[in-house]
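Shown next: target-v2.cif, containing mmCIF, C-alpha atoms.
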data_coords
#
loop_
_atom_site.label_atom_id
_atom_site.label_comp_id
_atom_site.auth_asym_id
_atom_site.auth_seq_id
_atom_site.Cartn_x
_atom_site.Cartn_y
_atom_site.Cartn_z
CA ARG A 1 53.85 131.68 154.62
CA ALA A 2 55.95 129.49 156.87
CA ALA A 3 57.00 127.35 153.90
CA LEU A 4 57.89 130.40 151.82
CA ARG A 5 60.35 131.62 154.45
CA LYS A 6 62.65 128.89 153.12
CA PHE A 7 62.33 130.17 149.54
CA GLY A 8 65.23 132.54 148.93
CA ALA A 9 65.72 132.94 145.20
CA PRO A 10 64.69 133.79 142.57
CA ALA A 11 62.04 136.37 143.44
CA GLN A 12 58.60 134.92 142.70
CA ASN A 13 54.94 135.88 143.04
CA PHE A 14 53.06 133.24 145.02
CA VAL A 15 49.27 133.41 144.97
CA TYR A 16 47.13 131.35 147.31
CA ALA A 17 43.53 130.23 147.41
CA ASP A 18 41.64 127.67 149.46
CA THR A 19 38.24 126.00 149.46
CA SER A 20 37.06 128.27 152.28
CA GLY A 21 37.24 131.30 150.01
CA HIS A 22 40.46 132.83 151.31
CA ILE A 23 43.01 134.29 148.90
CA GLY A 24 46.51 135.60 149.44
CA TRP A 25 49.53 136.96 147.59
CA TYR A 26 53.07 136.56 148.89
CA PRO A 27 56.10 137.55 146.84
CA SER A 28 58.92 135.64 148.42
CA HIS A 29 62.68 136.06 148.19
CA GLU A 30 65.68 137.19 150.18
CA LEU A 31 65.80 140.96 149.71
CA PRO A 32 69.03 142.49 151.02
CA ILE A 33 69.15 145.59 153.17
CA ARG A 34 72.09 147.61 151.87
CA ASP A 35 73.91 150.59 153.35
CA ASP A 36 73.36 153.92 151.64
CA TRP A 37 70.95 152.44 149.08
CA LYS A 38 69.29 155.78 148.35
CA ASN A 39 72.58 157.29 147.18
CA THR A 40 74.00 154.17 145.54
CA PRO A 41 71.01 152.54 143.77
CA PRO A 42 71.18 148.74 143.96
CA PHE A 43 70.13 148.44 140.30
CA LEU A 44 73.45 150.02 139.25
CA PRO A 45 76.98 148.63 139.70
CA LEU A 46 77.84 149.07 143.36
CA PRO A 47 81.14 150.40 144.71
CA GLY A 48 83.57 148.00 146.33
CA THR A 49 84.44 150.44 149.07
CA GLY A 50 82.30 148.85 151.77
CA THR A 51 79.56 151.48 151.63
CA SER A 52 76.94 149.21 150.04
CA GLU A 53 77.29 146.03 152.04
CA TRP A 54 74.45 143.62 152.75
CA ASN A 55 73.18 144.13 156.29
CA GLY A 56 70.62 141.42 156.69
CA SER A 57 67.37 140.90 154.79
CA VAL A 58 64.09 142.77 154.66
CA PRO A 59 61.68 140.91 157.00
CA ARG A 60 59.13 138.90 155.02
CA SER A 61 56.33 140.68 156.86
CA GLU A 62 57.51 143.99 155.34
CA LEU A 63 57.43 142.80 151.73
CA PRO A 64 54.34 143.84 149.72
CA GLN A 65 51.63 141.22 150.25
CA ALA A 66 47.89 140.79 150.65
CA TYR A 67 45.40 138.46 152.29
CA ASP A 68 41.63 138.59 151.60
CA PRO A 69 41.71 142.10 150.11
CA GLU A 70 38.52 144.13 150.17
CA SER A 71 38.30 144.06 146.37
CA GLY A 72 37.77 140.30 146.47
CA TYR A 73 40.47 139.54 143.93
CA LEU A 74 44.22 139.62 143.40
CA LEU A 75 46.28 140.04 140.25
CA THR A 76 50.03 140.16 139.76
CA ALA A 77 51.23 139.97 136.09
CA ASN A 78 54.80 140.90 137.13
CA ALA A 79 53.65 144.46 137.78
CA ASP A 80 54.97 147.07 140.20
CA PRO A 81 53.39 145.85 143.47
CA ARG A 82 52.93 149.21 145.17
CA GLY A 83 53.46 151.85 142.50
CA TYR A 84 57.06 152.52 143.53
CA SER A 85 58.07 153.35 139.95
CA PHE A 86 55.07 155.49 139.00
CA ASP A 87 56.84 158.78 139.73
CA GLY A 88 60.01 157.67 137.95
CA ASP A 89 61.95 157.27 141.20
CA VAL A 90 62.11 153.91 143.00
CA LEU A 91 64.35 155.30 145.72
CA ASN A 92 61.88 157.60 147.46
CA ASP A 93 59.35 155.09 148.80
CA GLY A 94 59.45 153.32 152.12
CA GLU A 95 62.22 152.16 154.36
CA HIS A 96 63.62 149.51 152.02
CA TYR A 97 64.58 149.21 148.38
CA ILE A 98 62.08 146.78 146.82
CA GLY A 99 62.98 146.67 143.13
CA PHE A 100 63.47 148.50 139.86
CA MET A 101 62.44 146.73 136.65
CA TRP A 102 58.86 145.52 136.73
CA ASP A 103 56.55 144.82 133.82
CA ALA A 104 55.42 148.02 132.12
CA GLY A 105 51.98 147.58 133.71
CA PHE A 106 49.84 147.18 130.59
CA ARG A 107 48.86 143.61 131.37
CA VAL A 108 47.85 144.22 134.96
CA SER A 109 45.82 147.25 133.87
CA ARG A 110 43.97 145.31 131.18
CA ILE A 111 43.34 142.33 133.49
CA ASN A 112 41.91 144.69 136.10
CA GLN A 113 39.69 146.27 133.45
CA ARG A 114 38.44 142.87 132.33
CA LEU A 115 37.81 141.69 135.90
CA GLU A 116 35.88 144.83 136.81
CA ALA A 117 33.71 144.42 133.69
CA SER A 118 33.14 140.74 134.47
CA PHE A 119 32.09 141.48 138.06
CA LYS A 120 29.60 144.06 136.83
CA ALA A 121 28.15 141.58 134.34
CA ALA A 122 27.92 138.57 136.68
CA ALA A 123 27.96 137.92 140.41
CA LYS A 124 30.14 134.86 139.95
CA LEU A 125 32.93 134.28 137.47
CA THR A 126 33.38 130.93 135.78
CA PRO A 127 36.56 129.15 134.65
CA GLU A 128 35.54 130.09 131.10
CA ASP A 129 35.51 133.77 132.12
CA MET A 130 39.05 133.47 133.43
CA MET A 131 40.21 131.65 130.30
CA SER A 132 38.77 134.46 128.22
CA ILE A 133 40.83 136.98 130.20
CA GLN A 134 43.96 134.86 129.77
CA ALA A 135 43.34 134.90 126.00
CA ASP A 136 42.83 138.67 125.82
CA LYS A 137 44.53 140.03 122.70
CA ARG A 138 43.99 143.77 123.10
CA SER A 139 46.98 145.71 121.75
CA ALA A 140 48.38 147.66 124.70
CA LEU A 141 50.37 150.16 122.66
CA GLY A 142 47.74 150.25 119.92
CA THR A 143 45.23 151.41 122.53
CA ARG A 144 47.53 154.28 123.47
CA LEU A 145 49.02 155.29 120.09
CA ARG A 146 46.42 154.53 117.41
CA ASP A 147 44.45 157.75 117.89
CA SER A 148 47.48 160.03 117.62
CA LEU A 149 48.57 158.19 114.46
CA VAL A 150 45.10 158.59 112.92
CA THR A 151 45.08 162.28 113.86
CA ALA A 152 48.42 162.79 112.09
CA LEU A 153 47.16 160.98 108.99
CA LEU A 154 43.97 163.01 108.84
CA ALA A 155 45.93 166.27 109.11
CA ALA A 156 48.32 165.17 106.36
CA LYS A 157 45.43 164.17 104.11
CA ALA A 158 43.69 167.50 104.66
CA GLY A 159 46.95 169.40 104.10
CA SER A 160 46.51 171.24 107.40
CA ASP A 161 49.94 170.20 108.71
CA GLU A 162 52.78 171.78 106.76
CA SER A 163 55.26 169.19 108.04
CA THR A 164 53.35 166.21 106.66
CA LYS A 165 51.16 167.23 103.72
CA ALA A 166 53.93 166.37 101.25
CA LEU A 167 54.23 162.91 102.81
CA TRP A 168 50.59 161.98 102.21
CA SER A 169 49.75 159.69 99.30
CA SER A 170 46.51 158.10 98.15
CA SER A 171 47.99 154.67 98.98
CA MET A 172 47.57 155.60 102.65
CA ASP A 173 43.80 156.02 102.32
CA PRO A 174 42.92 152.31 102.80
CA VAL A 175 45.36 152.12 105.72
CA LEU A 176 43.80 155.18 107.35
CA THR A 177 40.40 153.49 107.12
CA LEU A 178 41.86 150.27 108.56
CA LEU A 179 43.28 152.09 111.54
CA GLU A 180 40.15 154.18 112.12
CA ASP A 181 37.98 151.04 112.16
CA TRP A 182 40.44 148.88 114.12
CA ASP A 183 38.91 147.24 117.19
CA LEU A 184 42.39 147.48 118.82
CA ASP A 185 42.74 143.71 119.11
CA ALA A 186 45.97 142.19 117.81
CA THR A 187 43.96 139.60 115.87
CA ASP A 188 45.64 136.58 114.27
CA GLY A 189 43.35 136.47 111.21
CA SER A 190 45.56 134.03 109.29
CA ALA A 191 42.53 131.94 108.32
CA ALA A 192 39.95 134.74 108.20
CA THR A 193 37.67 135.28 105.22
CA VAL A 194 38.84 138.07 102.94
CA GLY A 195 37.05 141.31 103.77
CA SER A 196 35.72 140.06 107.11
CA ALA A 197 35.96 142.10 110.30
CA GLU A 198 38.50 139.58 111.59
CA ALA A 199 40.65 140.01 108.48
CA GLN A 200 40.50 143.80 108.77
CA SER A 201 41.48 143.68 112.45
CA ALA A 202 44.42 141.39 111.62
CA ALA A 203 45.55 143.72 108.81
CA ALA A 204 45.36 146.74 111.10
CA ALA A 205 47.37 144.89 113.76
CA ALA A 206 50.04 144.10 111.17
CA VAL A 207 50.19 147.72 110.00
CA PHE A 208 50.42 149.07 113.53
CA ASN A 209 53.11 146.68 114.74
CA VAL A 210 55.34 147.12 111.68
CA TRP A 211 54.87 150.91 111.95
CA LEU A 212 55.84 150.78 115.63
CA THR A 213 59.17 149.07 114.90
CA TYR A 214 60.06 151.71 112.33
CA LEU A 215 59.05 154.48 114.72
CA VAL A 216 61.35 153.01 117.36
CA ASN A 217 64.19 152.53 114.87
CA ASN A 218 63.84 155.96 113.27
CA VAL A 219 63.31 158.03 116.40
CA LEU A 220 64.81 156.29 119.42
CA ASP A 221 67.56 154.09 118.02
CA GLU A 222 69.32 156.97 116.27
CA LYS A 223 69.84 158.82 119.56
CA THR A 224 73.01 158.37 121.58
CA GLY A 225 72.00 156.85 124.89
CA LEU A 226 68.61 155.61 123.67
CA ALA A 227 69.69 152.96 121.15
CA GLY A 228 69.17 149.47 122.50
CA LEU A 229 66.88 150.43 125.35
CA GLU A 230 64.93 147.53 126.85
CA ASP A 231 61.39 147.42 125.42
CA ARG A 232 59.70 148.34 128.70
CA LEU A 233 61.77 151.51 128.85
CA ARG A 234 61.19 152.17 125.15
CA SER A 235 57.43 151.98 125.62
CA ARG A 236 57.44 154.29 128.65
CA LEU A 237 59.62 156.83 126.88
CA LEU A 238 57.52 156.76 123.72
CA LEU A 239 54.27 157.21 125.63
CA ALA A 240 55.73 160.09 127.63
CA MET A 241 56.76 161.76 124.37
CA VAL A 242 53.22 161.38 123.05
CA ASP A 243 51.07 161.93 126.14
CA ALA A 244 53.08 164.10 128.53
CA PRO A 245 56.10 165.72 126.88
CA GLU A 246 55.84 168.73 129.20
CA GLY A 247 57.06 166.57 132.08
CA MET A 248 60.23 165.50 130.29
CA ALA A 249 63.71 166.97 130.51
CA THR A 250 63.68 167.08 126.70
CA TYR A 251 60.58 169.31 126.57
CA ASP A 252 60.79 172.06 123.97
CA ALA A 253 58.38 174.72 125.24
CA ALA A 254 58.53 176.77 122.04
CA ASN A 255 57.18 173.83 120.02
CA ALA A 256 55.27 172.14 122.88
CA THR A 257 56.90 168.79 122.18
CA SER A 258 59.83 166.59 123.13
CA ALA A 259 63.08 167.40 121.35
CA ILE A 260 63.60 163.67 120.87
CA TRP A 261 61.29 163.77 117.83
CA ASP A 262 63.85 165.92 116.02
CA SER A 263 66.59 164.03 114.20
CA PRO A 264 70.22 164.86 115.03
CA ALA A 265 71.09 163.89 111.44
CA THR A 266 69.30 166.89 109.91
CA THR A 267 69.95 170.59 110.34
CA GLU A 268 67.81 172.14 107.62
CA HIS A 269 64.55 171.72 109.52
CA ARG A 270 63.10 170.38 112.74
CA GLU A 271 61.19 167.10 112.43
CA THR A 272 57.79 166.97 114.11
CA GLN A 273 56.05 164.07 115.80
CA ALA A 274 53.55 163.86 112.93
CA GLU A 275 56.35 163.86 110.37
CA ARG A 276 58.08 160.99 112.15
CA TYR A 277 54.76 159.14 112.26
CA LEU A 278 54.22 159.39 108.51
CA VAL A 279 57.78 158.52 107.55
CA ALA A 280 57.57 155.42 109.76
CA LEU A 281 54.27 154.53 108.10
CA GLN A 282 55.82 154.93 104.64
CA ASN A 283 58.58 152.54 105.73
CA ALA A 284 56.03 150.09 107.14
CA LEU A 285 53.85 150.06 104.01
CA ALA A 286 56.92 149.45 101.82
CA TRP A 287 57.93 146.54 104.05
CA LEU A 288 54.43 145.04 104.11
CA ALA A 289 54.23 145.16 100.30
CA ASN A 290 57.81 143.95 99.75
CA PRO A 291 57.74 141.45 96.85
CA GLU A 292 61.35 140.33 97.23
CA VAL A 293 61.72 139.14 100.82
CA VAL A 294 58.52 137.30 101.67
CA GLY A 295 57.90 135.10 104.71
CA VAL A 296 58.53 135.13 108.42
CA LEU A 297 61.78 133.24 108.34
CA LYS A 298 63.15 135.68 105.78
CA GLN A 299 61.85 138.66 107.76
CA GLY A 300 59.90 140.17 104.91
CA GLY A 301 56.40 141.38 104.16
CA PHE A 302 53.51 139.88 102.23
CA GLY A 303 54.61 140.61 98.68
CA THR A 304 51.59 142.73 97.80
CA SER A 305 50.22 146.21 98.48
CA ASP A 306 46.71 144.76 98.86
CA TRP A 307 45.95 144.93 102.58
CA ASN A 308 43.53 142.00 102.23
CA ALA A 309 46.59 139.75 102.23
CA TRP A 310 48.11 141.33 105.32
CA ARG A 311 47.41 139.15 108.36
CA TRP A 312 49.15 139.67 111.69
CA GLY A 313 49.12 135.94 112.47
CA LYS A 314 51.14 135.17 109.33
CA ILE A 315 54.13 137.11 110.59
CA HIS A 316 53.52 136.83 114.35
CA THR A 317 54.18 133.15 114.93
CA MET A 318 55.50 130.78 117.57
CA THR A 319 57.81 127.78 117.12
CA LEU A 320 59.20 125.58 119.90
CA LYS A 321 62.53 124.56 118.43
CA HIS A 322 64.02 121.12 119.02
CA ASN A 323 67.62 121.39 120.16
CA LEU A 324 68.96 119.07 117.47
CA VAL A 325 66.42 118.18 114.76
CA ALA A 326 64.31 120.82 113.02
CA GLY A 327 61.86 118.10 111.96
CA PHE A 328 60.94 117.71 115.63
CA ASN A 329 60.04 121.37 116.06
CA VAL A 330 56.59 122.13 117.46
CA PRO A 331 54.61 122.63 115.29
CA THR A 332 56.20 120.41 112.66
CA PRO A 333 57.47 122.33 109.64
CA SER A 334 55.24 120.29 107.33
CA LEU A 335 52.11 121.64 109.04
CA TYR A 336 53.22 125.18 109.89
CA PRO A 337 56.54 126.02 108.24
CA GLU A 338 56.56 129.46 109.84
CA GLY A 339 55.17 128.32 113.23
CA PHE A 340 51.77 128.58 114.89
CA PRO A 341 49.99 131.80 113.89
CA ARG A 342 49.30 133.75 117.06
CA ALA A 343 47.26 136.72 118.20
CA GLY A 344 48.47 139.32 120.69
CA ASP A 345 51.40 141.73 120.58
CA ALA A 346 53.71 143.69 122.88
CA PHE A 347 52.71 143.75 126.56
CA GLY A 348 49.39 141.95 125.98
CA VAL A 349 47.62 139.85 128.59
CA ASP A 350 48.14 136.77 126.41
CA ALA A 351 51.85 137.45 126.60
CA SER A 352 53.38 137.17 123.15
CA HIS A 353 55.99 139.91 123.00
CA PRO A 354 57.83 139.88 119.66
CA GLY A 355 60.16 142.78 120.42
CA MET A 356 59.96 146.33 119.11
CA ASP A 357 63.33 146.96 117.46
CA ASN A 358 63.22 144.82 114.30
CA ARG A 359 60.89 143.13 111.86
CA ASN A 360 61.27 139.61 113.23
CA PHE A 361 57.82 139.24 114.75
CA THR A 362 58.21 135.65 115.95
CA TYR A 363 57.60 134.96 119.62
CA GLY A 364 60.01 136.47 122.07
CA SER A 365 58.28 135.18 125.20
CA GLY A 366 54.99 133.75 126.39
CA PRO A 367 53.32 131.60 129.06
CA ALA A 368 55.12 128.33 129.76
CA ILE A 369 51.86 126.93 131.11
CA ARG A 370 48.29 128.11 130.99
CA HIS A 371 45.90 127.01 133.70
CA VAL A 372 42.77 127.97 135.60
CA ILE A 373 42.02 126.46 138.99
CA GLU A 374 38.61 126.47 140.67
CA MET A 375 38.65 125.83 144.40
CA THR A 376 35.84 123.31 144.41
CA THR A 377 35.95 120.07 146.35
CA PRO A 378 37.78 118.33 144.79
CA VAL A 379 39.75 121.07 143.08
CA SER A 380 39.00 121.59 139.38
CA ARG A 381 41.92 122.40 137.12
CA TYR A 382 41.90 123.41 133.49
CA GLY A 383 45.38 123.37 132.05
CA VAL A 384 47.54 122.98 128.98
CA THR A 385 51.25 123.17 128.20
CA PRO A 386 52.89 124.48 125.00
CA GLY A 387 53.89 121.02 123.85
CA GLY A 388 53.14 117.81 125.69
CA GLN A 389 54.02 115.57 128.64
CA ALA A 390 56.81 113.60 126.95
CA GLU A 391 60.27 114.71 125.87
CA LYS A 392 60.76 111.91 123.34
CA ALA A 393 59.87 113.39 119.94
CA THR A 394 58.27 110.17 118.67
CA ASP A 395 56.02 109.81 121.71
CA PRO A 396 52.32 110.51 121.00
CA HIS A 397 52.33 112.94 123.95
CA TYR A 398 55.34 114.93 122.74
CA ALA A 399 53.24 117.71 121.20
CA ASP A 400 49.60 116.72 121.62
CA GLN A 401 48.74 119.81 123.70
CA ALA A 402 50.50 122.37 121.52
CA ASN A 403 47.62 123.06 119.17
CA LEU A 404 45.27 123.61 122.12
CA TRP A 405 47.78 125.95 123.75
CA ALA A 406 48.17 127.97 120.56
CA LYS A 407 44.39 128.42 120.40
CA ASN A 408 44.03 129.31 124.10
CA VAL A 409 42.04 126.18 124.86
CA ALA A 410 42.64 124.54 128.26
CA PRO A 411 40.77 121.25 128.81
CA LYS A 412 39.78 120.07 132.26
CA ASN A 413 42.44 117.88 133.84
CA PRO A 414 41.69 114.92 136.10
CA MET A 415 42.63 115.80 139.67
CA ALA A 416 40.72 113.50 142.04
CA LEU A 417 42.01 109.92 142.28
CA SER A 418 38.81 108.55 140.76
CA GLU A 419 39.14 110.95 137.79
CA VAL A 420 42.79 110.03 137.28
CA LEU A 421 42.03 106.31 137.30
CA ALA A 422 39.12 106.74 134.92
CA ALA A 423 41.30 108.67 132.49
CA LYS A 424 44.43 106.54 132.84
CA GLU A 425 46.27 105.37 129.76
CA ARG A 426 48.47 102.90 131.58
CA ILE A 427 49.86 102.17 135.03
CA VAL A 428 53.61 101.97 135.53
CA ASP A 429 54.89 100.16 138.62
CA LEU A 430 58.22 101.49 139.86
CA ALA A 431 60.06 98.87 141.90
CA PRO A 432 63.41 99.31 143.72
#

Write-out of the structure in structure tokens:
Amino acid sequence: RAALRKFGAPAQNFVYADTSGHIGWYPSHELPIRDDWKNTPPFLPLPGTGTSEWNGSVPRSELPQAYDPESGYLLTANADPRGYSFDGDVLNDGEHYIGFMWDAGFRVSRINQRLEASFKAAAKLTPEDMMSIQADKRSALGTRLRDSLVTALLAAKAGSDESTKALWSSSMDPVLTLLEDWDLDATDGSAATVGSAEAQSAAAAAVFNVWLTYLVNNVLDEKTGLAGLEDRLRSRLLLAMVDAPEGMATYDAANATSAIWDSPATTEHRETQAERYLVALQNALAWLANPEVVGVLKQGGFGTSDWNAWRWGKIHTMTLKHNLVAGFNVPTPSLYPEGFPRAGDAFGVDASHPGMDNRNFTYGSGPAIRHVIEMTTPVSRYGVTPGGQAEKATDPHYADQANLWAKNVAPKNPMALSEVLAAKERIVDLAP
């Protein structure tokens, strides 16, 4: 804590553990105390009239933090540290303004769920348990939206929803089955056997994620003021429209839904949520079967209407691009021309957010390093980087960890001096 008092920017989560079993969490940064912050929110442009000046910093002791919590564990995942944003107002909690834009909270929720399940199953967690949590590929939005999509499809198929029965076609039958049977994992499946459970999960993940982009484009991006929203805000808005429309300013009591579902471009009828769902699915299925624009780099589908060929990992890929020479990309184009196939999707624990507003499903962001540390004596560390130790592209250690990283494998690293010497490749003497 004394050392962190010298750490001013940028804001960071620091987690601590020692060999005596103590754990701690200390977010550390200079957080300004501003005049009139409740009336002039610091996350908006501030007036230059002298009413929002910086009057010192919030004492470090008053920042959210924890030491040896009763739960026995700590998790951060860039989430709201105290629930300040849960009621939609970050200006009505506490004496100081703490922040505004945290992660949407899906990752921290899923990690907590996994930890609770692990503690119930075993008294002690292993490094392998923690690696498994790091590699979790559960679809956050799929978990929340799949059931309402399936419900809309079933109603359209049965003809019980007047707004959607004309949109149903027999080509949706296999997709309905895929979604009903989906295990809700955003599975890679690029190398899965045709017809296997893994292949079906990967096909369902592809359908869902393409459908989601069209839903966002068709419903949110056509609205003045909603187009171009950041994905965290998009997801919160979409889930509110689905799960709790009655709490929204756009609530239409007569139709018990949010008015956002209705398109401003049409006047002859009022679009329903289910109608928007099915139109977005029609768009998605056409894209997935597109025979003209095939391949990730061309932002197209799979060139066939046979879902057996649809694999999430074939369009959800990751490439570390060399600044000058494409031949030095990781992975090399000769091995993976479209990049490493990857599992996971928006807001997953194994962070791999591709973005929600277009059909370019390549990586938008992800972990720069993946490691698990066990506080043994000496400390045990399992770690891997998305690339290698060397910057020189012709060095054997330029990309020798990349394949492990892509597969969520983290080998044990030598930490003790004896381990380092036993594993040494060479010794370099640096002389003045």

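Distances to Glu391 (chain A) were evaluated for A:Ser190, A:Asn329, A:Asp429, A:Phe302 using all atoms listed in the file, and the minimum falls at A:Asn329.
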
Need the shell around region 260-263 of chain A: protein/DNA/RNA residues with any atom at most 7 Å away, counting all atoms listed in the file. Skip same-chain ones fewer than 5 positions apart. Format as a PDB file with C-alpha atoms, keeping the file's coordinate frame?
ATOM      1  CA  VAL A 219      63.310 158.030 116.400  1.00  0.00           C
ATOM      2  CA  THR A 250      63.680 167.080 126.700  1.00  0.00           C
ATOM      3  CA  ARG A 270      63.100 170.380 112.740  1.00  0.00           C
ATOM      4  CA  GLU A 271      61.190 167.100 112.430  1.00  0.00           C
ATOM      5  CA  THR A 272      57.790 166.970 114.110  1.00  0.00           C
ATOM      6  CA  GLN A 273      56.050 164.070 115.800  1.00  0.00           C
TER       7      GLN A 273
END

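Between CA of Leu31 (chain A) and CA of Gly99 (chain A) lies a distance of 9.2 Å.
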
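Here CA of Leu281 (chain A) and CA of Trp211 (chain A) stand 5.3 Å from one another.
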
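Minimum distance to Thr187 (chain A) across A:Val325, A:Val279, A:Ala286, A:Ala343 (counting all atoms listed in the file) occurs at A:Ala343.
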
Determine, counting all atoms listed in the file, which protein, DNA and RNA residues have an atom within 8 Å of an atom of Ala204 (chain A); residues of the same chain fewer than 5 positions away are not included. Present the result as number ranges by chain.
A: 175, 178-179, 182

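Residues surrounding Gly56 (chain A) within 10 Å are Glu30, Leu31, Pro32, Ile33, Arg34, Glu53 and Pro59 of chain A [all atoms listed in the file; sequence separation below 3 positions excluded].
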
Taking (41.7, 138.1, 109.0) in the coordinates of the supplied file, I want to know which residues reach to within 6 Å of it, counting all atoms listed in the file; could you give the answer as a ChimeraX atom specification?
/A:189-190,192,198-200,202,311

Shortest contact to Gln282 (chain A), candidates A:Ala186, A:Leu167, A:Ala259, A:Leu74, atoms counted only C-alpha atoms, goes to A:Leu167

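Taking CA of Phe340 (chain A) and CA of Gly313 (chain A) as the two end points, the separation is 8.2 Å.
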
Closest of A:Asp173, A:Asp188, A:Asp129, A:Asp243 to His316 (chain A) - atom-to-atom distances counting all atoms listed in the file
A:Asp188

Hey, what comes out of the PyMOL selection byres ((chain A and resi 222-230) around 10) on this file? Could you write it as a ChimeraX atom specification?
/A:216-221,231-235,237,260,262-265,355-357

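Comparing the minimum interatomic distances between Leu324 (chain A) and each of A:Ala351, A:Ala66, A:Ala368, A:Ala393, counting all atoms listed in the file, we find that A:Ala393 sits nearest.
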
When you look at region 17-22 of chain A with a cut-off of 10 Å (counting only C-alpha atoms), what residues show up, excluding the ones that are within fewer than 6 positions of it in the same chain? I need them as number ranges by chain.
A: 67-69, 72-73, 373-379

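With distances taken over all atoms listed in the file, A:Asp35 is the one residue among A:Asp35, A:Glu180, A:Ala346, A:Ala254 lying closest to Thr49 (chain A).
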
Which residues, protein or nucleic acid, reach to within 6 Å of (50.0, 119.8, 127.0) in the file's coordinates when using all atoms listed in the file, and can you give that as a short mmCIF file (atom, residue, chain, number, x, y, z; two decimals) with C-alpha atoms, keeping the file's coordinate frame?
data_model
loop_
_atom_site.label_atom_id
_atom_site.label_comp_id
_atom_site.auth_asym_id
_atom_site.auth_seq_id
_atom_site.Cartn_x
_atom_site.Cartn_y
_atom_site.Cartn_z
CA VAL A 384 47.54 122.98 128.98
CA THR A 385 51.25 123.17 128.20
CA PRO A 386 52.89 124.48 125.00
CA GLY A 387 53.89 121.02 123.85
CA GLY A 388 53.14 117.81 125.69
CA GLN A 401 48.74 119.81 123.70
#

Listed atoms of region 231-238 of chain A boxed along x, y and z, 3 Å each side, centre and edge lengths in Å, one decimal, as JSON:
{"center_x": 59.6, "center_y": 152.1, "center_z": 126.3, "size_x": 10.3, "size_y": 15.4, "size_z": 11.1}

Applying 8 Å and all atoms listed in the file, which residues near Leu75 (chain A) remain after dropping the ones on its own chain fewer than 4 positions away? List them as a compact mmCIF listing (two decimals) with C-alpha atoms, in the coordinates of the input.
# COMPACT_ATOMS: atom_id res chain seq x y z
CA VAL A 108 47.85 144.22 134.96
CA ILE A 111 43.34 142.33 133.49
CA ASN A 112 41.91 144.69 136.10

Selection in question (the file shown): the PyMOL selection byres ((chain A and resi 81) around 12). Which residues does it include, as an NGL selection string?
:A and (13 or 25-27 or 63-66 or 74-80 or 82-86 or 90 or 98-105 or 108)
